[in-house]
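Structure data follow from structure_26.cif (mmCIF, C-alpha atoms):
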data_work
#
loop_
_atom_site.label_atom_id
_atom_site.label_comp_id
_atom_site.auth_asym_id
_atom_site.auth_seq_id
_atom_site.Cartn_x
_atom_site.Cartn_y
_atom_site.Cartn_z
CA MET A 1 20.17 18.15 -21.51
CA MET A 2 17.66 15.50 -22.39
CA LEU A 3 18.05 11.98 -23.72
CA ARG A 4 15.08 11.32 -25.97
CA VAL A 5 14.07 7.95 -27.39
CA THR A 6 11.34 8.04 -30.02
CA ALA A 7 9.53 5.09 -31.60
CA LEU A 8 12.29 2.62 -30.73
CA SER A 9 11.70 -0.78 -32.29
CA VAL A 10 13.95 -3.83 -32.45
CA ARG A 11 13.55 -6.84 -34.67
CA PHE A 12 15.76 -9.88 -35.15
CA ARG A 13 16.41 -11.51 -38.51
CA HIS A 14 16.50 -15.29 -38.22
CA HIS A 15 18.46 -17.88 -40.19
CA ASP A 16 15.32 -18.99 -42.04
CA GLY A 17 14.74 -15.42 -43.30
CA GLY A 18 11.91 -14.78 -40.85
CA TYR A 19 11.74 -11.99 -38.30
CA SER A 20 10.72 -11.61 -34.70
CA GLN A 21 10.01 -8.20 -33.21
CA PRO A 22 10.42 -8.12 -29.44
CA LEU A 23 10.14 -4.31 -29.12
CA THR A 24 7.76 -1.91 -30.87
CA GLY A 25 7.40 1.85 -30.63
CA LEU A 26 8.98 2.74 -27.30
CA ASP A 27 9.09 6.43 -26.33
CA LEU A 28 11.19 7.53 -23.38
CA THR A 29 12.74 10.74 -22.14
CA LEU A 30 15.41 11.10 -19.50
CA SER A 31 16.74 14.43 -18.26
CA ARG A 32 19.76 15.09 -16.10
CA GLY A 33 18.71 15.25 -12.47
CA GLU A 34 15.93 12.69 -12.66
CA VAL A 35 15.28 8.99 -12.18
CA VAL A 36 12.87 7.27 -14.53
CA GLY A 37 11.73 3.66 -14.24
CA LEU A 38 11.20 0.96 -16.84
CA VAL A 39 9.15 -2.03 -15.69
CA GLY A 40 7.18 -4.89 -17.18
CA GLY A 41 6.78 -8.62 -17.29
CA SER A 42 9.53 -11.17 -17.74
CA GLY A 43 10.53 -11.09 -21.43
CA ALA A 44 8.75 -7.77 -22.07
CA GLY A 45 11.90 -6.25 -23.59
CA LYS A 46 13.25 -4.12 -20.75
CA SER A 47 16.87 -5.23 -21.00
CA LEU A 48 16.53 -5.12 -24.78
CA VAL A 49 15.86 -1.38 -24.54
CA ALA A 50 19.10 -0.98 -22.56
CA GLU A 51 21.08 -3.04 -25.06
CA ALA A 52 19.61 -1.13 -28.01
CA LEU A 53 20.51 2.24 -26.44
CA MET A 54 24.03 1.01 -25.71
CA GLY A 55 24.48 -0.48 -29.19
CA LEU A 56 25.11 -3.93 -27.74
CA LEU A 57 22.70 -5.98 -29.83
CA PRO A 58 24.01 -8.74 -32.12
CA ARG A 59 24.40 -8.19 -35.85
CA ASN A 60 21.09 -9.77 -36.79
CA ALA A 61 19.23 -7.07 -34.82
CA GLU A 62 17.62 -4.19 -36.68
CA VAL A 63 17.02 -1.11 -34.53
CA SER A 64 14.73 1.67 -35.75
CA GLY A 65 13.61 4.93 -34.18
CA GLN A 66 15.54 7.94 -32.89
CA ILE A 67 17.91 8.12 -29.93
CA THR A 68 19.05 11.70 -29.41
CA LEU A 69 20.82 13.70 -26.75
CA ALA A 70 20.02 17.43 -26.77
CA GLY A 71 18.73 16.95 -30.31
CA LEU A 72 21.89 15.27 -31.63
CA PRO A 73 22.52 11.55 -32.16
CA LEU A 74 23.69 9.92 -28.92
CA ALA A 75 27.51 9.88 -28.84
CA PRO A 76 29.62 7.18 -27.15
CA GLY A 77 30.55 7.91 -23.55
CA GLN A 78 27.32 9.70 -22.71
CA LEU A 79 25.45 6.65 -21.47
CA ALA A 80 26.67 3.83 -19.21
CA LEU A 81 24.98 0.54 -18.38
CA ALA A 82 25.11 -1.52 -15.19
CA PRO A 83 23.87 -4.78 -16.74
CA GLN A 84 21.55 -7.31 -15.14
CA GLY A 85 23.73 -10.42 -15.36
CA ILE A 86 26.90 -10.75 -13.33
CA ASP A 87 28.43 -12.64 -16.26
CA ALA A 88 29.23 -9.13 -17.55
CA LEU A 89 32.15 -9.03 -15.10
CA ASP A 90 35.46 -10.27 -16.48
CA PRO A 91 36.08 -13.56 -14.63
CA LEU A 92 39.87 -13.32 -15.02
CA THR A 93 40.43 -9.78 -13.78
CA ARG A 94 40.44 -8.51 -10.21
CA LEU A 95 37.64 -6.11 -9.45
CA GLY A 96 39.82 -3.06 -8.85
CA ALA A 97 41.48 -3.51 -12.24
CA GLN A 98 38.07 -3.83 -13.91
CA ILE A 99 36.87 -0.57 -12.39
CA SER A 100 40.09 1.17 -13.48
CA ARG A 101 39.72 -0.30 -16.96
CA PHE A 102 36.23 1.18 -17.41
CA ALA A 103 37.55 4.58 -16.34
CA ARG A 104 40.53 4.34 -18.71
CA LEU A 105 38.41 3.26 -21.70
CA ALA A 106 36.10 6.21 -21.04
CA GLY A 107 39.07 8.60 -20.96
CA GLN A 108 38.74 9.31 -17.24
CA PRO A 109 41.67 9.84 -14.84
CA PRO A 110 42.61 6.76 -12.74
CA PRO A 111 39.81 6.32 -10.19
CA ASP A 112 40.05 5.92 -6.42
CA VAL A 113 39.01 2.27 -6.43
CA CYS A 114 38.49 2.05 -2.67
CA ALA A 115 36.18 5.06 -2.72
CA ALA A 116 34.31 3.61 -5.71
CA LEU A 117 33.77 0.35 -3.80
CA ALA A 118 32.89 2.08 -0.52
CA ARG A 119 30.24 4.11 -2.31
CA LEU A 120 28.44 0.82 -3.01
CA GLY A 121 29.04 -0.57 0.45
CA LEU A 122 31.74 -2.98 -0.73
CA PRO A 123 34.79 -3.63 1.46
CA GLU A 124 38.29 -2.50 0.43
CA GLU A 125 39.38 -6.15 0.02
CA ALA A 126 36.92 -6.53 -2.86
CA ALA A 127 39.40 -4.63 -5.07
CA ARG A 128 41.67 -7.69 -5.05
CA ALA A 129 38.86 -10.21 -5.46
CA PHE A 130 37.99 -12.05 -8.66
CA PRO A 131 34.26 -12.12 -9.53
CA HIS A 132 33.81 -15.75 -8.41
CA GLN A 133 34.96 -14.77 -4.92
CA LEU A 134 32.07 -12.34 -4.51
CA SER A 135 28.56 -13.17 -3.40
CA GLY A 136 25.77 -12.57 -5.92
CA GLY A 137 24.78 -9.33 -4.21
CA MET A 138 28.35 -8.06 -4.09
CA ALA A 139 28.86 -8.81 -7.80
CA LYS A 140 25.69 -6.86 -8.66
CA ARG A 141 27.07 -3.83 -6.83
CA ALA A 142 30.45 -4.25 -8.53
CA LEU A 143 28.68 -3.88 -11.89
CA ILE A 144 27.27 -0.53 -10.79
CA ALA A 145 30.78 0.53 -9.75
CA THR A 146 32.12 -0.21 -13.24
CA ALA A 147 29.33 1.81 -14.85
CA LEU A 148 29.93 4.78 -12.53
CA ALA A 149 33.67 4.65 -13.29
CA THR A 150 32.96 5.76 -16.88
CA GLY A 151 31.79 9.18 -15.63
CA ALA A 152 28.94 9.13 -18.19
CA PRO A 153 26.19 11.67 -17.40
CA PHE A 154 23.44 9.13 -18.15
CA LEU A 155 23.15 5.73 -16.52
CA ILE A 156 20.93 2.70 -17.06
CA ALA A 157 20.81 0.35 -14.07
CA ASP A 158 19.29 -3.00 -15.06
CA GLU A 159 17.79 -4.68 -11.97
CA PRO A 160 20.25 -2.97 -9.59
CA THR A 161 18.71 -4.53 -6.46
CA LEU A 162 18.54 -8.09 -7.79
CA GLY A 163 19.66 -10.52 -5.07
CA LEU A 164 20.33 -7.80 -2.50
CA ASP A 165 19.10 -7.89 1.09
CA PRO A 166 16.50 -5.21 1.94
CA GLU A 167 18.96 -2.84 3.65
CA THR A 168 21.44 -3.01 0.77
CA ALA A 169 18.62 -2.64 -1.77
CA ASP A 170 17.44 0.51 0.00
CA ARG A 171 20.99 1.80 0.01
CA ILE A 172 21.48 1.19 -3.74
CA MET A 173 18.20 2.93 -4.59
CA GLU A 174 19.28 5.87 -2.38
CA LEU A 175 22.61 5.95 -4.21
CA LEU A 176 20.85 6.09 -7.59
CA ALA A 177 18.56 8.87 -6.35
CA GLY A 178 21.68 10.65 -5.07
CA LEU A 179 23.34 10.37 -8.50
CA ALA A 180 20.29 12.02 -10.03
CA ALA A 181 20.45 14.78 -7.40
CA GLU A 182 24.08 15.34 -8.46
CA GLY A 183 22.94 15.85 -12.05
CA HIS A 184 22.98 12.39 -13.61
CA GLY A 185 20.06 11.10 -15.62
CA VAL A 186 19.27 7.63 -14.28
CA CYS A 187 17.02 5.02 -15.88
CA VAL A 188 16.26 2.11 -13.55
CA ILE A 189 14.93 -1.18 -14.88
CA SER A 190 13.45 -3.09 -11.98
CA HIS A 191 10.89 -5.56 -10.71
CA ASP A 192 11.18 -3.92 -7.34
CA LEU A 193 8.28 -1.51 -7.86
CA PRO A 194 7.85 -0.22 -4.30
CA ARG A 195 11.51 0.85 -4.11
CA LEU A 196 11.46 2.16 -7.68
CA VAL A 197 8.41 4.42 -7.34
CA ALA A 198 9.96 5.86 -4.18
CA ILE A 199 12.81 7.43 -6.20
CA ALA A 200 11.47 7.75 -9.79
CA GLU A 201 9.73 10.73 -11.36
CA ARG A 202 7.77 8.50 -13.70
CA VAL A 203 7.66 4.89 -14.78
CA THR A 204 7.15 3.38 -18.22
CA ILE A 205 5.37 0.02 -18.22
CA LEU A 206 6.12 -2.51 -20.97
CA GLN A 207 4.02 -5.53 -21.83
CA GLU A 208 5.32 -7.99 -24.40
CA GLY A 209 7.40 -5.44 -26.24
CA ARG A 210 4.94 -2.55 -26.24
CA MET A 211 4.58 0.29 -23.77
CA VAL A 212 1.18 0.32 -22.13
CA GLU A 213 1.63 3.60 -20.27
CA THR A 214 4.07 6.04 -18.74
CA ALA A 215 2.75 6.99 -15.33
CA PRO A 216 3.98 9.51 -12.75
CA ALA A 217 5.36 7.65 -9.73
CA GLU A 218 2.57 8.92 -7.47
CA ALA A 219 -0.03 7.24 -9.71
CA PHE A 220 1.13 3.88 -8.34
CA THR A 221 0.69 4.63 -4.67
CA ALA A 222 -2.49 6.67 -5.28
CA HIS A 223 -3.98 3.82 -7.38
CA ARG A 224 -4.43 6.07 -10.42
CA LEU A 225 -2.86 3.80 -13.04
CA THR A 226 -4.90 3.73 -16.23
CA HIS A 227 -3.94 0.40 -17.80
CA PRO A 228 -5.19 -2.90 -16.30
CA PHE A 229 -1.78 -4.54 -16.75
CA SER A 230 -0.04 -1.75 -14.80
CA ARG A 231 -2.57 -2.11 -12.01
CA ALA A 232 -2.16 -5.90 -11.91
CA LEU A 233 1.63 -5.52 -11.79
CA TRP A 234 1.44 -3.07 -8.90
CA GLU A 235 -1.13 -5.04 -6.96
CA ALA A 236 0.85 -8.28 -7.37
CA GLN A 237 3.63 -6.70 -5.26
CA THR A 238 1.72 -7.42 -2.12
CA TRP A 239 0.43 -10.87 -3.04
CA ALA A 240 2.73 -12.77 -0.71
CA ALA A 241 1.56 -10.73 2.27
CA GLN A 242 -2.10 -10.86 1.29
CA THR A 243 -2.94 -13.92 -0.78
CA TRP A 244 -1.74 -16.60 1.56
CA SER A 245 -2.28 -14.91 4.89
CA GLU A 246 -5.78 -16.41 4.97
CA GLU A 247 -4.38 -19.92 4.57
CA ALA A 248 -3.23 -20.77 8.07
CA ALA A 249 -0.66 -23.39 7.07
CA PRO A 250 0.38 -23.02 3.42
CA CYS A 251 2.97 -25.79 3.69
CA MET B 1 15.93 -36.58 5.53
CA LEU B 2 18.65 -33.97 4.83
CA SER B 3 20.67 -32.66 7.72
CA ALA B 4 23.72 -30.50 8.24
CA GLU B 5 25.64 -30.95 11.47
CA ALA B 6 27.84 -28.07 12.63
CA VAL B 7 29.04 -27.28 9.13
CA SER B 8 31.92 -24.76 8.90
CA LEU B 9 33.73 -23.43 5.87
CA SER B 10 36.36 -20.74 5.29
CA PHE B 11 37.63 -19.15 2.09
CA ALA B 12 41.22 -17.86 2.22
CA GLY B 13 41.10 -17.43 5.99
CA ARG B 14 37.68 -15.77 6.03
CA SER B 15 35.07 -17.81 7.88
CA VAL B 16 31.91 -17.97 5.76
CA LEU B 17 29.94 -20.68 7.57
CA ARG B 18 30.33 -21.23 11.30
CA GLU B 19 28.80 -24.37 12.77
CA VAL B 20 25.58 -24.23 10.80
CA SER B 21 23.12 -27.01 11.59
CA LEU B 22 19.75 -27.67 10.02
CA THR B 23 17.37 -30.45 9.06
CA VAL B 24 14.86 -30.63 6.25
CA THR B 25 12.04 -33.17 6.13
CA PRO B 26 10.12 -34.43 3.06
CA GLY B 27 7.60 -31.95 1.69
CA GLU B 28 8.81 -29.18 3.98
CA VAL B 29 9.42 -25.61 2.81
CA LEU B 30 12.31 -24.06 4.74
CA GLY B 31 13.22 -20.38 4.45
CA LEU B 32 16.86 -19.26 4.45
CA SER B 33 17.80 -15.62 4.82
CA GLY B 34 20.67 -13.37 5.81
CA PRO B 35 22.35 -10.26 4.44
CA SER B 36 24.30 -10.16 1.18
CA GLY B 37 27.55 -12.08 1.67
CA ALA B 38 26.32 -14.01 4.75
CA GLY B 39 27.00 -17.38 3.09
CA LYS B 40 23.53 -18.41 1.90
CA SER B 41 24.67 -19.59 -1.54
CA THR B 42 27.78 -21.18 0.00
CA LEU B 43 25.56 -23.18 2.37
CA ALA B 44 23.46 -24.24 -0.63
CA ARG B 45 26.61 -25.53 -2.35
CA VAL B 46 27.61 -27.47 0.75
CA LEU B 47 24.12 -28.99 1.13
CA SER B 48 24.09 -30.04 -2.53
CA GLY B 49 27.53 -31.60 -2.26
CA THR B 50 29.25 -29.13 -4.60
CA LEU B 51 31.55 -27.88 -1.83
CA ALA B 52 32.98 -29.99 0.98
CA PRO B 53 32.85 -28.33 4.41
CA ASP B 54 36.06 -27.84 6.45
CA ALA B 55 34.29 -29.25 9.51
CA GLY B 56 30.95 -30.84 10.24
CA ARG B 57 28.99 -33.07 7.88
CA VAL B 58 25.99 -33.24 5.60
CA LEU B 59 23.84 -36.35 5.91
CA TRP B 60 21.26 -37.72 3.55
CA GLN B 61 18.88 -40.15 5.28
CA GLY B 62 21.45 -40.70 7.98
CA SER B 63 24.47 -41.43 5.79
CA ALA B 64 26.91 -39.44 3.67
CA LEU B 65 25.47 -37.49 0.76
CA PRO B 66 25.57 -39.68 -2.41
CA ARG B 67 28.35 -38.68 -4.81
CA HIS B 68 26.49 -39.55 -8.02
CA HIS B 69 24.95 -36.92 -10.27
CA PRO B 70 22.15 -35.90 -10.33
CA GLY B 71 21.93 -36.40 -6.58
CA PRO B 72 18.95 -35.99 -4.25
CA VAL B 73 19.80 -32.37 -3.37
CA ALA B 74 19.76 -29.83 -6.20
CA HIS B 75 20.90 -26.22 -5.92
CA VAL B 76 19.24 -23.88 -8.43
CA PRO B 77 21.90 -21.15 -8.61
CA GLN B 78 21.24 -17.48 -8.15
CA SER B 79 22.79 -16.44 -11.48
CA PRO B 80 21.34 -18.61 -14.26
CA GLU B 81 23.49 -16.81 -16.85
CA LEU B 82 26.58 -18.37 -15.25
CA ALA B 83 25.01 -21.82 -14.95
CA VAL B 84 24.31 -22.58 -18.61
CA ASP B 85 26.62 -23.18 -21.56
CA PRO B 86 26.02 -20.19 -23.86
CA ARG B 87 26.67 -22.38 -26.93
CA TRP B 88 23.90 -24.87 -26.13
CA THR B 89 20.29 -24.45 -27.20
CA VAL B 90 17.64 -24.21 -24.51
CA GLY B 91 16.19 -27.53 -25.68
CA ARG B 92 19.55 -29.26 -25.15
CA ILE B 93 20.02 -27.59 -21.74
CA LEU B 94 16.58 -28.77 -20.59
CA ALA B 95 17.21 -32.35 -21.72
CA ASN B 96 20.71 -32.50 -20.22
CA ALA B 97 20.11 -34.50 -17.04
CA ALA B 98 16.76 -36.15 -17.78
CA PRO B 99 13.99 -35.93 -20.39
CA PRO B 100 12.05 -32.68 -19.86
CA ASP B 101 8.97 -33.13 -17.67
CA PRO B 102 5.87 -31.59 -19.31
CA GLU B 103 4.28 -30.92 -15.92
CA VAL B 104 7.33 -28.94 -14.77
CA LEU B 105 7.62 -27.03 -18.05
CA ALA B 106 3.94 -26.05 -17.79
CA ALA B 107 4.26 -24.99 -14.15
CA LEU B 108 7.20 -22.74 -15.04
CA ALA B 109 5.52 -21.34 -18.19
CA ILE B 110 8.41 -22.43 -20.41
CA ARG B 111 7.40 -22.05 -24.04
CA PRO B 112 8.21 -24.74 -26.64
CA ALA B 113 9.47 -21.99 -28.99
CA TRP B 114 12.47 -21.39 -26.73
CA ALA B 115 13.91 -24.84 -27.47
CA GLU B 116 15.78 -23.62 -30.55
CA ARG B 117 17.13 -20.48 -28.88
CA HIS B 118 20.39 -19.90 -27.04
CA PRO B 119 20.58 -18.54 -23.47
CA ALA B 120 21.51 -15.04 -24.69
CA GLU B 121 18.25 -14.94 -26.65
CA LEU B 122 16.12 -15.33 -23.51
CA SER B 123 15.36 -12.60 -21.00
CA GLY B 124 16.76 -12.84 -17.47
CA GLY B 125 13.43 -14.07 -16.09
CA GLU B 126 12.96 -16.62 -18.86
CA LEU B 127 16.43 -18.03 -18.31
CA ALA B 128 15.80 -18.21 -14.55
CA ARG B 129 12.82 -20.49 -15.23
CA VAL B 130 14.83 -22.69 -17.61
CA SER B 131 17.55 -22.99 -14.98
CA LEU B 132 14.95 -24.03 -12.40
CA ALA B 133 13.37 -26.64 -14.70
CA ARG B 134 16.64 -28.45 -15.32
CA PHE B 135 17.13 -29.04 -11.58
CA PHE B 136 13.51 -30.18 -10.97
CA LEU B 137 14.24 -33.83 -11.77
CA PRO B 138 12.52 -37.11 -10.85
CA THR B 139 15.53 -37.85 -8.60
CA THR B 140 15.45 -34.46 -6.84
CA ARG B 141 14.26 -34.75 -3.23
CA VAL B 142 15.41 -31.36 -1.95
CA LEU B 143 15.36 -28.33 -4.25
CA ILE B 144 17.33 -25.32 -3.05
CA CYS B 145 15.81 -22.26 -4.70
CA ASP B 146 18.45 -19.51 -4.56
CA GLU B 147 16.63 -16.22 -5.27
CA ILE B 148 14.86 -17.91 -8.17
CA THR B 149 12.13 -15.31 -8.58
CA ALA B 150 14.31 -12.24 -8.00
CA GLN B 151 14.51 -11.79 -11.79
CA LEU B 152 10.76 -12.04 -12.28
CA ASP B 153 8.08 -9.39 -12.08
CA ALA B 154 5.64 -9.77 -9.21
CA LEU B 155 2.92 -11.31 -11.39
CA ALA B 156 5.25 -13.95 -12.81
CA ALA B 157 6.77 -14.64 -9.37
CA GLN B 158 3.32 -15.20 -7.91
CA ALA B 159 2.36 -17.56 -10.74
CA LEU B 160 5.63 -19.47 -10.41
CA TRP B 161 5.39 -20.06 -6.66
CA GLN B 162 1.72 -20.98 -6.88
CA ALA B 163 2.59 -23.63 -9.46
CA LEU B 164 5.90 -24.79 -7.99
CA THR B 165 5.01 -25.31 -4.33
CA PRO B 166 1.99 -27.62 -4.88
CA LEU B 167 3.97 -29.59 -7.48
CA ALA B 168 6.88 -30.04 -5.05
CA ARG B 169 4.51 -30.98 -2.19
CA HIS B 170 2.71 -33.47 -4.42
CA ARG B 171 6.01 -35.18 -5.16
CA GLY B 172 7.15 -35.13 -1.55
CA MET B 173 10.00 -32.81 -2.49
CA ALA B 174 11.34 -30.40 0.12
CA LEU B 175 12.12 -26.80 -0.84
CA ILE B 176 14.74 -24.54 0.69
CA VAL B 177 13.80 -21.01 -0.27
CA ILE B 178 16.66 -18.49 -0.22
CA SER B 179 15.14 -15.04 -0.54
CA HIS B 180 15.53 -11.51 0.71
CA ASP B 181 11.76 -11.08 0.48
CA ALA B 182 10.49 -11.52 4.03
CA ALA B 183 6.83 -11.53 2.95
CA LEU B 184 7.53 -14.27 0.44
CA ARG B 185 9.32 -16.43 3.04
CA ARG B 186 6.47 -15.95 5.48
CA ALA B 187 3.93 -16.94 2.83
CA LEU B 188 5.80 -20.04 1.67
CA CYS B 189 7.76 -21.41 4.57
CA SER B 190 6.76 -23.35 7.65
CA ARG B 191 10.15 -22.71 9.24
CA GLN B 192 12.93 -20.21 8.69
CA ILE B 193 16.59 -19.91 9.53
CA THR B 194 18.80 -16.83 9.29
CA LEU B 195 22.54 -16.94 8.76
CA ASP B 196 24.70 -14.95 11.13
CA PRO B 197 25.72 -11.84 9.21
CA ARG B 198 29.01 -11.13 11.02
CA PRO B 199 32.03 -12.49 9.21
CA VAL B 200 34.80 -13.57 11.58
CA ALA B 201 38.44 -14.16 10.70
CA ALA B 202 39.19 -17.87 11.05
#
For the file at hand, write its structure as structure tokens.
Amino acid sequence: MMLRVTALSVRFRHHDGGYSQPLTGLDLTLSRGEVVGLVGGSGAGKSLVAEALMGLLPRNAEVSGQITLAGLPLAPGQLALAPQGIDALDPLTRLGAQISRFARLAGQPPPDVCAALARLGLPEEAARAFPHQLSGGMAKRALIATALATGAPFLIADEPTLGLDPETADRIMELLAGLAAEGHGVCVISHDLPRLVAIAERVTILQEGRMVETAPAEAFTAHRLTHPFSRALWEAQTWAAQTWSEEAAPC
Amino acid sequence: MLSAEAVSLSFAGRSVLREVSLTVTPGEVLGLSGPSGAGKSTLARVLSGTLAPDAGRVLWQGSALPRHHPGPVAHVPQSPELAVDPRWTVGRILANAAPPDPEVLAALAIRPAWAERHPAELSGGELARVSLARFFLPTTRVLICDEITAQLDALAAQALWQALTPLARHRGMALIVISHDAALRRALCSRQITLDPRPVAA
């Protein structure tokens, strides 16, 4: 079963009658059992793709292109999103109740909240916590727990390792790879290229709303990327280690 | 300049900070690390005067941290989406505490076109830069950068740090860099501290 996105474009109608078009002609495929990556510069339209696929854009957005699952229009409940911003958590509801709510709205049986939290390395007590009582990294993982509670076969994780320490980031990427191994289709939006290419089959690179290439993951490590922007993005990963190592005292 | 002396803080019986001490001197770049939930952001709130510690004290030039706002210590929060009023335009947000500084806006690659937009109309990385700019004020002497480039791609992160650190140094501003990126901390910071990861019941 394949999720196929063809020529996806998004434009916004403004109050003055003008338009802006932050996304043009994106093609993407995602099969069950695989992880694919979506990367690009800040403001390139990565989260916009997720919101367009989920139908979350505001009313002044015009979405064109095809989004199909096994050849049919994508139906609700097939795709879940773990959003980037922790403001997506309900500030007035305890975490356990939020996870149960996502399961209920998706027509799933009541979930084992403790197991759902443990899967993401969150302690049992987190079930009774309100979002403001969690650290940034814990809240990010809670968002993934709510998305998993829906039981949807396809998942988009928007910056899943944002604000996580290296060990937890590794663990989350392993979890996403594990979900794919269990038969989910997982699309990961991330700036964390080294961790992403370690689990993804292929990665689509966006630059200012247009895709510049879709490269197999091994093209990154083998330095076989075709587009200059993709190469610059990959090479910038190591800048902190390289660029300033020559300067003895940068501060 | 800024010092914390044996600062401790508990939330609902759970000890988050246990006798943390540090000093920051003008122009210094100090790294702060520790696992998720170790209390890094909580320490930032204590240092900026947002939270009062249960024990210990925070001193600014030898006396109590000034209560006025904006104070000398600014904490750029980790989640910019929670730190801005969604009903305000970006232009209004940027002008909230002081007139926007063209040098800071340029260093952070903030585009004039964003001024009319609302936070929801910016990407995560764009909003992170706006959030940073509004804390980089003429009165700011210590800027606590809480995972500020986590939402940026590597190219943009590189450009931001290469613009921000010289600007801060030039103004004699100290930076406290909270980041999980060990290579980044090594590149930026002259000194680093790590928070004890083990939570202990108080």
Residues near B:Pro102, anyone? I mean within 12 Å using all atoms listed in the file, not counting same-chain ones fewer than 3 positions away, as a PDB file with C-alpha atoms, in the coordinates of the input.
ATOM      1  CA  LEU B  94      16.580 -28.770 -20.590  1.00  0.00           C
ATOM      2  CA  ALA B  95      17.210 -32.350 -21.720  1.00  0.00           C
ATOM      3  CA  ALA B  98      16.760 -36.150 -17.780  1.00  0.00           C
ATOM      4  CA  PRO B  99      13.990 -35.930 -20.390  1.00  0.00           C
ATOM      5  CA  LEU B 105       7.620 -27.030 -18.050  1.00  0.00           C
ATOM      6  CA  ALA B 106       3.940 -26.050 -17.790  1.00  0.00           C
ATOM      7  CA  ALA B 107       4.260 -24.990 -14.150  1.00  0.00           C
ATOM      8  CA  LEU B 108       7.200 -22.740 -15.040  1.00  0.00           C
ATOM      9  CA  ALA B 109       5.520 -21.340 -18.190  1.00  0.00           C
ATOM     10  CA  ILE B 110       8.410 -22.430 -20.410  1.00  0.00           C
ATOM     11  CA  ARG B 111       7.400 -22.050 -24.040  1.00  0.00           C
ATOM     12  CA  PRO B 112       8.210 -24.740 -26.640  1.00  0.00           C
ATOM     13  CA  ALA B 133      13.370 -26.640 -14.700  1.00  0.00           C
ATOM     14  CA  ARG B 134      16.640 -28.450 -15.320  1.00  0.00           C
ATOM     15  CA  PHE B 136      13.510 -30.180 -10.970  1.00  0.00           C
ATOM     16  CA  LEU B 137      14.240 -33.830 -11.770  1.00  0.00           C
TER      17      LEU B 137
END
From the set A:Thr24, A:Ser64, A:Gln84, A:Gln78, which residue has the shortest atom-to-atom contact distance to A:Ala44, counting all atoms listed in the file?
->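 Going through A:Thr24, A:Ser64, A:Gln84, A:Gln78 one by one, the smallest distance to A:Ala44 is for A:Thr24.
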May I ask for the distance between atom CA of A:Thr221 and atom CA of A:Leu179, given in Å to one decimal place?
-> 23.7 Å
Please report as a PDB file with C-alpha atoms, in the coordinates of the input which residues of chain B come no farther than 7 Å from chain A, using all atoms listed in the file.
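File produced: result-v3.pdb:
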ATOM      1  CA  GLU B  28       8.810 -29.180   3.980  1.00  0.00           C
ATOM      2  CA  VAL B  29       9.420 -25.610   2.810  1.00  0.00           C
ATOM      3  CA  PRO B  35      22.350 -10.260   4.440  1.00  0.00           C
ATOM      4  CA  SER B  36      24.300 -10.160   1.180  1.00  0.00           C
ATOM      5  CA  GLY B  37      27.550 -12.080   1.670  1.00  0.00           C
ATOM      6  CA  GLU B  81      23.490 -16.810 -16.850  1.00  0.00           C
ATOM      7  CA  LEU B  82      26.580 -18.370 -15.250  1.00  0.00           C
ATOM      8  CA  SER B 123      15.360 -12.600 -21.000  1.00  0.00           C
ATOM      9  CA  GLY B 125      13.430 -14.070 -16.090  1.00  0.00           C
ATOM     10  CA  GLU B 126      12.960 -16.620 -18.860  1.00  0.00           C
ATOM     11  CA  GLU B 147      16.630 -16.220  -5.270  1.00  0.00           C
ATOM     12  CA  ALA B 150      14.310 -12.240  -8.000  1.00  0.00           C
ATOM     13  CA  GLN B 151      14.510 -11.790 -11.790  1.00  0.00           C
ATOM     14  CA  LEU B 152      10.760 -12.040 -12.280  1.00  0.00           C
ATOM     15  CA  ASP B 153       8.080  -9.390 -12.080  1.00  0.00           C
ATOM     16  CA  ALA B 154       5.640  -9.770  -9.210  1.00  0.00           C
ATOM     17  CA  LEU B 155       2.920 -11.310 -11.390  1.00  0.00           C
ATOM     18  CA  HIS B 180      15.530 -11.510   0.710  1.00  0.00           C
ATOM     19  CA  ALA B 183       6.830 -11.530   2.950  1.00  0.00           C
ATOM     20  CA  LEU B 184       7.530 -14.270   0.440  1.00  0.00           C
ATOM     21  CA  ALA B 187       3.930 -16.940   2.830  1.00  0.00           C
ATOM     22  CA  LEU B 188       5.800 -20.040   1.670  1.00  0.00           C
ATOM     23  CA  CYS B 189       7.760 -21.410   4.570  1.00  0.00           C
ATOM     24  CA  SER B 190       6.760 -23.350   7.650  1.00  0.00           C
TER      25      SER B 190
END
Counting all atoms listed in the file, which of A:Thr146, A:Ser100, A:Thr204, A:Gln21 gets nearest to A:Pro83?
->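 Answer, going by the shortest atom-to-atom distance: A:Thr146.
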Using the chain letters and numbering of this document, enumerate as number ranges by chain the residues selected by the PyMOL selection byres ((chain A and resi 209-214) around 12).
-> A: 7-11, 20-29, 36-49, 200-208, 215-220, 224-231, 233; B: 123
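Of the residues under consideration (A:Met2, A:Leu72, A:Leu56, A:Ile172), A:Ile172 shows the shortest atom-to-atom contact distance to A:Ala118 when counting all atoms listed in the file.
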Result set of the PyMOL selection byres ((chain A and resi 144) around 9) on the coordinates above, as a PyMOL selection string = chain A and resi 81-83+120+139-143+145-149+157+160
For stretch 92-96 of chain A, list every protein, DNA or RNA residue within 8 Å, evaluated using all atoms listed in the file, and leave out those in the same chain fewer than 3 positions away; present the list as a list in words.
->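 Within the cut-off, the hits are Ile99, Ser100, Val113, Ala126, Ala127, Arg128, Ala129, Phe130, Pro131 and Ala142 of chain A.
For the pair atom CA of A:Arg119 and atom CA of A:Asp170, the interatomic distance is 13.5 Å.
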